[in-house]
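Asker: Structure file my_file-v7.txt (compact mmCIF, C-alpha atoms) is given on the next line.
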```txt
# COMPACT_ATOMS: atom_id res chain seq x y z
CA MET U 21 78.05 -204.10 -97.27
CA ILE U 22 74.99 -204.39 -95.10
CA SER U 23 77.09 -205.65 -92.24
CA THR U 24 79.05 -202.35 -92.21
CA PHE U 25 75.94 -200.24 -91.80
CA ARG U 26 75.67 -199.03 -88.25
CA PRO U 27 73.26 -196.49 -86.74
CA THR U 28 76.27 -194.51 -85.50
CA HIS U 29 77.26 -193.84 -89.13
CA LEU U 30 73.85 -192.36 -89.73
CA LEU U 31 74.25 -190.16 -86.68
CA ALA U 32 77.66 -189.02 -87.88
CA CYS U 33 76.18 -188.06 -91.26
CA LEU U 34 73.46 -186.07 -89.51
CA ALA U 35 75.99 -184.34 -87.31
CA LEU U 36 78.12 -183.39 -90.33
CA SER U 37 75.21 -182.12 -92.34
CA THR U 38 73.75 -179.87 -89.64
CA PRO U 39 76.60 -177.74 -88.24
CA MET U 40 75.15 -174.58 -89.78
CA LEU U 41 71.86 -175.22 -88.02
CA ALA U 42 73.52 -176.19 -84.74
CA SER U 43 75.55 -172.99 -84.55
CA ALA U 44 72.68 -170.69 -85.48
CA ASN U 45 72.09 -168.14 -82.76
CA PRO U 46 69.05 -165.83 -82.92
CA ILE U 47 71.01 -162.92 -81.40
CA LEU U 48 73.77 -163.27 -83.98
CA ASP U 49 71.14 -163.58 -86.71
CA GLY U 50 69.67 -160.29 -85.49
CA TYR U 51 73.03 -158.53 -85.85
CA LYS U 52 73.47 -160.07 -89.30
CA ALA U 53 70.09 -158.75 -90.41
CA GLU U 54 71.04 -155.31 -89.09
CA ILE U 55 74.24 -154.90 -91.09
CA LYS U 56 73.14 -156.95 -94.13
CA GLY U 57 76.70 -158.28 -94.30
CA SER U 58 78.77 -161.06 -92.81
CA PHE U 59 80.99 -161.67 -89.84
CA THR U 60 84.30 -163.48 -89.41
CA ALA U 61 85.74 -165.32 -86.42
CA ALA U 62 89.21 -163.94 -87.26
CA ALA U 63 88.04 -160.32 -86.85
CA GLY U 64 86.28 -161.32 -83.62
CA GLU U 65 89.40 -162.95 -82.24
CA LYS U 66 91.43 -159.84 -83.04
CA LEU U 67 88.88 -157.71 -81.19
CA TYR U 68 88.94 -160.13 -78.23
CA LYS U 69 92.67 -159.55 -77.86
CA THR U 70 92.71 -155.80 -78.53
CA VAL U 71 94.06 -153.82 -75.58
CA GLY U 72 92.24 -150.49 -75.29
CA PRO U 73 93.05 -147.10 -73.71
CA ASN U 74 92.39 -148.42 -70.19
CA GLN U 75 95.02 -151.17 -70.66
CA LEU U 76 92.20 -153.71 -70.67
CA SER U 77 91.12 -156.25 -73.25
CA CYS U 78 88.37 -158.87 -73.21
CA ALA U 79 91.11 -161.35 -72.31
CA SER U 80 92.01 -159.35 -69.17
CA CYS U 81 88.99 -160.84 -67.42
CA HIS U 82 87.92 -163.69 -69.74
CA THR U 83 91.48 -165.10 -70.12
CA ASP U 84 93.24 -165.96 -73.41
CA SER U 85 90.48 -168.39 -74.33
CA PRO U 86 86.73 -167.73 -73.98
CA LYS U 87 86.45 -171.38 -72.95
CA ASN U 88 88.20 -170.75 -69.63
CA ALA U 89 86.66 -169.50 -66.42
CA GLY U 90 87.86 -165.95 -65.84
CA LYS U 91 88.36 -163.49 -63.03
CA HIS U 92 87.27 -159.84 -62.80
CA ALA U 93 90.46 -157.81 -63.26
CA LYS U 94 89.56 -155.42 -60.43
CA THR U 95 87.39 -157.27 -57.95
CA ASN U 96 88.70 -160.84 -58.38
CA LYS U 97 85.12 -162.08 -58.84
CA ALA U 98 84.98 -165.46 -60.63
CA ILE U 99 83.56 -165.27 -64.16
CA ASP U 100 81.97 -168.29 -65.85
CA PRO U 101 83.32 -169.22 -69.30
CA LEU U 102 82.11 -167.04 -72.17
CA ALA U 103 82.08 -169.70 -74.90
CA PRO U 104 78.76 -171.55 -75.18
CA SER U 105 80.76 -174.74 -75.80
CA ALA U 106 81.80 -174.52 -72.14
CA ASN U 107 78.82 -172.61 -70.78
CA PRO U 108 75.56 -173.09 -72.75
CA LYS U 109 73.81 -170.22 -70.92
CA ARG U 110 75.91 -167.66 -72.78
CA PHE U 111 74.39 -165.64 -75.65
CA THR U 112 70.85 -166.87 -74.98
CA ASP U 113 69.34 -163.65 -73.61
CA ALA U 114 69.48 -160.61 -75.92
CA ALA U 115 69.05 -158.05 -73.11
CA GLN U 116 71.91 -159.66 -71.18
CA VAL U 117 74.13 -159.67 -74.29
CA GLU U 118 73.42 -156.00 -75.04
CA LYS U 119 73.95 -155.00 -71.41
CA TRP U 120 77.39 -156.58 -71.33
CA PHE U 121 78.47 -155.35 -74.79
CA LYS U 122 77.64 -151.79 -73.69
CA ARG U 123 79.56 -152.12 -70.42
CA ASN U 124 82.53 -154.07 -71.63
CA CYS U 125 83.12 -152.24 -74.91
CA ASN U 126 83.23 -149.01 -72.87
CA ASP U 127 85.64 -150.52 -70.36
CA ALA U 128 87.94 -152.36 -72.75
CA LEU U 129 87.82 -150.12 -75.84
CA GLY U 130 86.70 -146.83 -74.32
CA ARG U 131 83.77 -146.65 -76.75
CA ALA U 132 80.65 -148.46 -77.88
CA CYS U 133 81.05 -151.43 -80.25
CA THR U 134 79.54 -151.40 -83.71
CA THR U 135 77.10 -154.09 -84.78
CA GLN U 136 79.84 -155.40 -87.08
CA GLU U 137 82.15 -155.79 -84.09
CA LYS U 138 79.50 -157.46 -81.94
CA GLY U 139 78.77 -159.94 -84.73
CA ASP U 140 82.45 -160.68 -85.36
CA PHE U 141 82.99 -161.12 -81.62
CA MET U 142 80.06 -163.51 -81.26
CA THR U 143 81.10 -165.46 -84.35
CA TYR U 144 84.51 -166.00 -82.77
CA VAL U 145 83.26 -166.92 -79.31
CA LEU U 146 80.62 -169.27 -80.73
CA SER U 147 83.27 -170.94 -82.90
CA VAL U 148 85.56 -171.84 -79.97
CA LYS U 149 85.04 -175.53 -79.33
CA MET R 29 74.54 -169.12 -4.61
CA ARG R 30 71.32 -167.64 -5.94
CA VAL R 31 72.97 -164.21 -6.16
CA PHE R 32 75.95 -165.68 -7.96
CA ASN R 33 73.67 -167.38 -10.49
CA SER R 34 71.80 -164.23 -11.40
CA PHE R 35 75.13 -162.41 -11.71
CA THR R 36 76.38 -165.08 -14.16
CA LEU R 37 73.12 -164.84 -16.04
CA SER R 38 73.38 -161.08 -16.42
CA LEU R 39 77.00 -161.43 -17.60
CA THR R 40 75.86 -163.92 -20.22
CA LEU R 41 73.07 -161.60 -21.33
CA LEU R 42 75.50 -158.69 -21.57
CA ALA R 43 77.92 -160.75 -23.64
CA SER R 44 75.23 -161.91 -26.06
CA SER R 45 73.83 -158.40 -26.54
CA THR R 46 77.34 -157.15 -27.37
CA MET R 47 77.71 -159.93 -29.92
CA ALA R 48 74.38 -158.97 -31.47
CA LEU R 49 75.68 -155.43 -31.89
CA ALA R 50 78.90 -156.63 -33.48
CA ASP R 51 76.79 -158.59 -35.93
CA GLY R 52 74.97 -155.47 -37.03
CA GLY R 53 72.12 -156.15 -34.61
CA GLY R 54 68.86 -157.96 -35.12
CA GLN R 55 67.65 -159.82 -38.15
CA ARG R 56 69.55 -159.76 -41.41
CA LEU R 57 67.72 -158.02 -44.21
CA ALA R 58 67.24 -160.17 -47.30
CA LEU R 59 68.38 -158.23 -50.35
CA LEU R 60 66.08 -157.52 -53.26
CA PRO R 61 66.83 -160.53 -55.55
CA LYS R 62 67.37 -158.26 -58.57
CA MET R 63 69.87 -156.19 -56.61
CA ALA R 64 71.70 -159.31 -55.44
CA THR R 65 71.89 -160.62 -59.02
CA GLU R 66 72.99 -157.39 -60.68
CA CYS R 67 75.53 -156.22 -58.09
CA SER R 68 77.05 -159.63 -57.57
CA ALA R 69 77.74 -160.01 -61.29
CA CYS R 70 80.95 -158.09 -60.49
CA HIS R 71 81.29 -157.92 -56.72
CA ILE R 72 79.41 -158.91 -53.60
CA ALA R 73 76.12 -157.02 -53.26
CA PHE R 74 76.88 -154.56 -50.49
CA ARG R 75 74.37 -154.02 -47.68
CA PRO R 76 72.09 -150.94 -47.83
CA ASN R 77 73.36 -149.79 -44.42
CA PHE R 78 76.94 -149.52 -45.73
CA LEU R 79 76.27 -146.03 -47.13
CA PRO R 80 73.91 -143.20 -46.25
CA THR R 81 70.86 -142.94 -48.54
CA SER R 82 72.12 -139.78 -50.28
CA ALA R 83 75.39 -141.54 -51.19
CA TRP R 84 73.49 -144.54 -52.55
CA LYS R 85 71.42 -142.21 -54.74
CA GLN R 86 74.63 -140.80 -56.21
CA VAL R 87 76.08 -144.27 -56.78
CA MET R 88 72.92 -145.53 -58.44
CA GLY R 89 72.64 -142.37 -60.54
CA SER R 90 76.11 -142.76 -62.06
CA LEU R 91 76.36 -146.49 -62.85
CA ASP R 92 77.90 -145.77 -66.26
CA LYS R 93 80.92 -144.38 -64.36
CA HIS R 94 81.08 -146.82 -61.46
CA TYR R 95 84.52 -146.62 -59.83
CA GLY R 96 86.27 -146.81 -63.17
CA THR R 97 83.86 -149.26 -64.78
CA ASP R 98 80.69 -149.02 -66.84
CA ALA R 99 78.08 -150.84 -64.74
CA SER R 100 75.02 -149.37 -66.43
CA LEU R 101 71.64 -151.07 -66.09
CA SER R 102 68.43 -150.78 -68.05
CA PRO R 103 66.45 -147.73 -66.79
CA ALA R 104 63.74 -150.01 -65.34
CA ASP R 105 66.21 -152.17 -63.37
CA GLN R 106 68.11 -149.12 -62.19
CA GLN R 107 64.93 -147.52 -60.87
CA GLU R 108 63.68 -150.66 -59.16
CA ILE R 109 66.99 -151.29 -57.37
CA THR R 110 67.43 -147.62 -56.41
CA GLU R 111 63.94 -147.45 -54.92
CA TRP R 112 64.59 -150.57 -52.86
CA ILE R 113 67.92 -149.27 -51.54
CA VAL R 114 66.40 -145.87 -50.69
CA ALA R 115 63.61 -147.62 -48.76
CA ASN R 116 66.06 -149.86 -46.91
CA SER R 117 68.92 -147.49 -46.09
CA GLN R 118 69.09 -144.50 -43.77
CA GLU R 119 70.53 -141.00 -43.91
CA LEU R 120 72.97 -141.76 -41.12
CA GLY R 121 76.47 -140.37 -40.80
CA GLU R 122 78.58 -138.67 -43.43
CA ALA R 123 79.09 -140.03 -46.92
CA PRO R 124 82.66 -141.39 -47.19
CA PRO R 125 85.10 -139.87 -49.75
CA ASP R 126 83.98 -140.75 -53.33
CA ASN R 127 81.12 -142.69 -51.73
CA ARG R 128 83.58 -145.53 -51.19
CA ILE R 129 82.45 -147.96 -48.49
CA THR R 130 86.09 -148.90 -47.88
CA LYS R 131 86.84 -145.26 -46.95
CA ALA R 132 84.05 -145.02 -44.37
CA PHE R 133 85.32 -144.33 -40.84
CA TRP R 134 83.80 -147.54 -39.48
CA PHE R 135 85.45 -149.56 -42.26
CA THR R 136 88.94 -148.11 -41.82
CA ARG R 137 88.67 -148.39 -38.03
CA LYS R 138 87.76 -152.09 -38.28
CA HIS R 139 90.30 -152.91 -41.01
CA GLY R 140 93.37 -151.00 -39.78
CA THR R 141 96.76 -152.66 -39.26
CA ASN R 142 95.82 -153.47 -35.64
CA HIS R 143 93.18 -155.84 -37.07
CA VAL R 144 94.43 -156.81 -40.55
CA LYS R 145 98.12 -156.98 -41.45
CA ALA R 146 99.07 -154.91 -44.49
CA ASP R 147 100.25 -157.93 -46.52
CA VAL R 148 96.80 -159.56 -46.31
CA TRP R 149 95.42 -157.05 -48.82
CA ARG R 150 98.10 -157.97 -51.36
CA ARG R 151 97.34 -161.70 -51.32
CA SER R 152 95.85 -162.92 -54.58
CA SER R 153 93.09 -164.57 -52.53
CA VAL R 154 92.07 -161.15 -51.19
CA LYS R 155 93.38 -158.59 -53.69
CA SER R 156 90.91 -155.81 -52.89
CA PRO R 157 89.17 -154.51 -49.75
CA THR R 158 85.90 -154.71 -51.70
CA ASN R 159 86.35 -158.49 -51.77
CA CYS R 160 84.46 -158.88 -48.45
CA GLN R 161 83.80 -162.59 -48.83
CA ALA R 162 87.53 -163.41 -49.02
CA CYS R 163 87.56 -163.16 -45.20
CA HIS R 164 83.91 -162.68 -44.21
CA VAL R 165 83.09 -166.10 -45.64
CA ASP R 166 79.30 -165.70 -45.49
CA ALA R 167 79.25 -162.01 -46.42
CA ALA R 168 76.92 -162.68 -49.34
CA ASN R 169 74.26 -163.52 -46.76
CA GLY R 170 75.04 -160.42 -44.72
CA ASP R 171 77.14 -162.20 -42.10
CA PHE R 172 79.92 -159.84 -41.02
CA ASN R 173 80.19 -161.23 -37.48
CA GLU R 174 83.83 -161.02 -36.45
CA HIS R 175 83.69 -164.58 -35.13
CA ASN R 176 83.05 -165.84 -38.65
CA ILE R 177 86.15 -164.34 -40.24
CA ARG R 178 88.67 -166.65 -41.91
CA ILE R 179 91.65 -164.78 -43.34
CA PRO R 180 92.92 -166.80 -46.34
CA ARG R 181 96.55 -167.55 -47.12
```
Translate the structure described by the file into structure tokens.

Answerer:
Amino acid sequence: MISTFRPTHLLACLALSTPMLASANPILDGYKAEIKGSFTAAAGEKLYKTVGPNQLSCASCHTDSPKNAGKHAKTNKAIDPLAPSANPKRFTDAAQVEKWFKRNCNDALGRACTTQEKGDFMTYVLSVK
Amino acid sequence: MRVFNSFTLSLTLLASSTMALADGGGQRLALLPKMATECSACHIAFRPNFLPTSAWKQVMGSLDKHYGTDASLSPADQQEITEWIVANSQELGEAPPDNRITKAFWFTRKHGTNHVKADVWRRSSVKSPTNCQACHVDAANGDFNEHNIRIPR
């Protein structure tokens, strides 16, 4: 029995027991506190793929997967991946996040996003591994 | 021989002064870092001398409706960038239609079919005339010298 104990097993146990902590994001927590409800990745994914009145969706620039590098639909400008699993800088600065939700919800959906939508969206993008 | 030499020298001087003009003349202005960051999130940060000051004021005052896109900034960032552009641009020439740099007379004159073939604009590597750096490879640093143009396939 003792011979099968390896430090890597211990690490694996730690990794399995802490996913909730590892995925915690202060910005997402803020949205959660605001609505006093919960978010789902499925609703976020649906929003990500919704084509709005300007014939644009999030995917138009960020591609089908938030893990991919994208391209601005109008200017061709390269866009770094949106998913923190591919680009850890994402969703770390609240002012940045709010700035882009305001702009991109207006462009893609023709309106502002609700806190529920922002939380669902973040839950989805943060879940993409 | 001496006469010939001074003639050659003056020709050289003339040629280099013409090149300096084509390059926009003189030293390149370093952009306000905040302006460079914010503008280049979507497109190259255009140079202050690309539009007259009054046109810039209109552009910066309507960022929520920015050529079909919401490009709004926080009020503090908007003010800081506007003030810098106003201080570093001039009220020279007429504002182009819709305040579009690509509709300015100097732009259309330099980018007509005698200079750039029509199909170049449709290439996926170029796509839009606002995509300066597709051909002006060091445009981000303000280099629009016509000797440094590389038209991509």

Asker: For segment 144-157 of chain R, list every protein, DNA or RNA residue within 8 Å, evaluated using all atoms listed in the file, and leave out those in the same chain fewer than 3 positions away; present the list as a ChimeraX atom specification.

Answerer: /U:94-96 /R:130,139-141,160,162-163,179-181

Asker: Only residues of chain U matter here; which ones have an atom within 12 Å of chain R, counting all atoms listed in the file? Give them as a VMD selection string.

Answerer: chain U and resid 74 76 81 90 to 100 115 to 116 118 to 132

Asker: One decimal, in Å: what's the spacing between atom CA of Ala115 of chain R and atom CA of Asn127 of chain R?

Answerer: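 Going from atom CA of Ala115 of chain R over to atom CA of Asn127 of chain R covers 18.4 Å.
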
Asker: Take the point (91.4, -158.6, -72.1) in the file's coordinates, draw a sphere of radius 10 Å around it, and report as JSON, numbers by chain every protein, DNA or RNA residue with an atom inside or on it, counting only C-alpha atoms.

Answerer: {"U": [67, 68, 69, 70, 71, 72, 75, 76, 77, 78, 79, 80, 81, 82, 83, 84, 93, 124, 128, 129]}

Asker: Please compute the atom CA of Pro125 of chain R-atom CA of Tyr95 of chain R distance, one decimal, in Å.

Answerer: 12.1 Å

Asker: Determine, counting all atoms listed in the file, which protein, DNA and RNA residues have an atom within 7 Å of an atom of Ala103 of chain U; residues of the same chain fewer than 6 positions away are not included. Present the result as an NGL selection string.

Answerer: :U and (86-87 or 110 or 145-146 or 148)

Asker: Can you tell me how far atom CA of Pro73 of chain U sits from atom CA of Ala61 of chain U, in Å to one decimal?

Answerer: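 The value is 23.4 Å.
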
Asker: Using only C-alpha atoms, give me every residue within 12 Å of (77.3, -155.9, -82.6) in file coordinates, as number ranges by chain.

Answerer: U: 47-55, 57-59, 64, 67, 114, 117-122, 125, 132-143

Asker: Go through U:Lys56, U:Ala62, U:Ser147, U:Lys109 one by one, measure the shortest atom-to-atom distance of each to Ala44 of chain U using all atoms listed in the file, and give the residue with the smallest value.

Answerer: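 For Ala44 of chain U, the nearest of the given residues is U:Ser147.
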
Asker: Would you compute an axis-aligned box for segment 77-81 of chain U, covering every atom listed for it in the file with 8 Å of margin on each side, and report centre and edge lengths in Å to one decimal as JSON?

Answerer:
```
{"center_x": 90.2, "center_y": -158.8, "center_z": -70.3, "size_x": 19.6, "size_y": 21.1, "size_z": 21.8}
```
